[in-house]
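Everything on this sheet refers to the single structure shown next.
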Amino acid sequence: MKRLFDLTLALVVLVVLVLPGLMVALLVKATSPGPVLYWSPRVGQGNRIFQMPKFRSMRIDTPVVATHLLARPEDWLTPIGGFLRRSSLDELPQLWSILRGDMSFVGPRPALFNQDDLIALRTARGVHALVPGLTGWAQINGRDELPIPAKVQLDAYYLQHRSLRFDLAILLRTAMKVVRGDGVSH
């Protein structure tokens with residue numbers, strides 16, 4: 001049921017956002033050198049690595065680490081990178097990952113391949129069994145501001161309480177947070 005929901009919603013969102021997505025792609029290309037998309041190695045279901053696309057919001061020479069580990073993340077942003085991140089428009093290409101089945105609309109956010117502490121804690125709590133999501137319970141309860149153990153605790157809560165109704169509530173709260181720009185770093 002969840003997979004059917006993901007496919008249906010992804011196709012609807014893709015049709016609605018294809019033109020804005022093309023405009024974002026043109027803006028990324030026009031404002032900074034390098035490719036339009038950044039393919040980030042991420043940890044998926046069962047700790048399997050997959051390539052997650054995002055509109056590139058950082059310079060091409062940015063170190064491959066979580067943003068919060070950069071001394072001055074704002075120094076690495078492209079001219080429109082801050083806007084893309086605040087508006088979450090950089091996330092649009094992840095519809096591809098949802099269509100492929102690497103991601104769901106709702107689940108724990110996929111860890112970077114080198115976030116060993118997050119991966120280990122999620123594995124210990126069984127969260128690694130979930131398909132990662134575009135948004136999740138941890139995202140609407142703190143996003144970038146949460147310490148890793150708190151994120152994992154929220155991910156584990158989602159694991160134990162997941163349902164279509166819970167997913168719909170998370171999607172609704174995500175939409176409200178995106179509109180307000182809550183909890184986004186740089």
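Quick note on naming: the chains in the structure tokens go A, B, ... in the order shown, residues restart at 1 in each chain, and ligands are numbered from 1 in order of appearance.
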
Could you pull out the helix (DSSP H, G or I) residues of stretch 71-160 of chain A, going by DSSP on the backbone, and write them as a ChimeraX atom specification?
/A:73-76,81-87,89-91,94-100,116-125,127-129,139-141,143-145,148-160

Could you write out the selected residues, including C-alpha atoms, as a JSON list (two decimals), in the first residue's frame?
```json
[["chain", "number", "residue", "atom", "x", "y", "z"],
["A", 73, "PRO", "CA", 28.67, 26.24, 5.47],
["A", 74, "GLU", "CA", 27.48, 29.51, 3.98],
["A", 75, "ASP", "CA", 30.92, 29.95, 2.34],
["A", 76, "TRP", "CA", 30.27, 26.84, 0.22],
["A", 81, "GLY", "CA", 22.08, 27.67, -2.86],
["A", 82, "GLY", "CA", 20.70, 29.32, 0.26],
["A", 83, "PHE", "CA", 17.36, 29.93, -1.44],
["A", 84, "LEU", "CA", 17.22, 26.35, -2.75],
["A", 85, "ARG", "CA", 17.84, 24.96, 0.73],
["A", 86, "ARG", "CA", 15.46, 27.30, 2.57],
["A", 87, "SER", "CA", 12.68, 26.55, 0.06],
["A", 89, "LEU", "CA", 13.60, 23.09, -3.90],
["A", 90, "ASP", "CA", 16.99, 21.33, -3.90],
["A", 91, "GLU", "CA", 15.06, 18.18, -2.87],
["A", 94, "GLN", "CA", 14.56, 13.00, -5.10],
["A", 95, "LEU", "CA", 11.26, 12.19, -6.81],
["A", 96, "TRP", "CA", 13.50, 10.05, -9.03],
["A", 97, "SER", "CA", 14.64, 8.06, -5.97],
["A", 98, "ILE", "CA", 11.01, 7.62, -4.90],
["A", 99, "LEU", "CA", 10.02, 6.36, -8.35],
["A", 100, "ARG", "CA", 12.95, 3.91, -8.31],
["A", 116, "ASP", "CA", 29.00, 6.11, 10.74],
["A", 117, "ASP", "CA", 27.56, 7.22, 14.10],
["A", 118, "LEU", "CA", 24.07, 7.76, 12.67],
["A", 119, "ILE", "CA", 24.18, 4.51, 10.69],
["A", 120, "ALA", "CA", 25.30, 2.49, 13.73],
["A", 121, "LEU", "CA", 22.60, 3.94, 15.99],
["A", 122, "ARG", "CA", 19.88, 3.38, 13.40],
["A", 123, "THR", "CA", 21.04, -0.19, 12.85],
["A", 124, "ALA", "CA", 21.00, -0.89, 16.59],
["A", 125, "ARG", "CA", 17.39, 0.38, 16.81],
["A", 127, "VAL", "CA", 15.57, 1.77, 11.76],
["A", 128, "HIS", "CA", 17.82, 0.56, 8.91],
["A", 129, "ALA", "CA", 14.97, -1.78, 7.89],
["A", 139, "GLN", "CA", 12.51, 16.28, 10.09],
["A", 140, "ILE", "CA", 9.31, 17.83, 11.39],
["A", 141, "ASN", "CA", 10.59, 17.71, 14.96],
["A", 143, "ARG", "CA", 15.50, 18.68, 11.22],
["A", 144, "ASP", "CA", 19.10, 19.98, 11.17],
["A", 145, "GLU", "CA", 19.02, 21.23, 14.76],
["A", 148, "ILE", "CA", 22.03, 12.43, 16.19],
["A", 149, "PRO", "CA", 20.77, 10.37, 19.18],
["A", 150, "ALA", "CA", 17.57, 12.46, 19.24],
["A", 151, "LYS", "CA", 17.06, 11.93, 15.49],
["A", 152, "VAL", "CA", 17.45, 8.18, 15.93],
["A", 153, "GLN", "CA", 14.99, 8.17, 18.83],
["A", 154, "LEU", "CA", 12.43, 9.92, 16.62],
["A", 155, "ASP", "CA", 13.19, 7.54, 13.73],
["A", 156, "ALA", "CA", 12.62, 4.58, 16.09],
["A", 157, "TYR", "CA", 9.31, 6.10, 17.18],
["A", 158, "TYR", "CA", 8.28, 6.29, 13.52],
["A", 159, "LEU", "CA", 9.32, 2.65, 13.01],
["A", 160, "GLN", "CA", 7.04, 1.56, 15.86]]
```

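Atom pair atom CA of A:Leu14 / atom CA of A:Arg59 has a distance of 26.4 Å (rounded to one decimal).
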
Using only C-alpha atoms, pick whichever of A:Thr78, A:Asp102, A:Thr174, A:Phe113 has the shortest atom-to-atom distance to A:Ala30.
A:Thr78

What separation in Å, quoted to one decimal, exists between atom CA of A:Leu171 and atom CA of A:Val64?
28.4 Å

Just to confirm, what's the straight-line distance from atom CA of A:Met52 to atom CA of A:Met103 in Å (one decimal)?
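Calculated distance between atom CA of A:Met52 and atom CA of A:Met103 is 8.8 Å.
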
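The residue that comes closest to A:Leu130, out of A:Gln115, A:Thr31, A:Ser104, A:Ser57 and on the basis of only C-alpha atoms, is A:Ser104.
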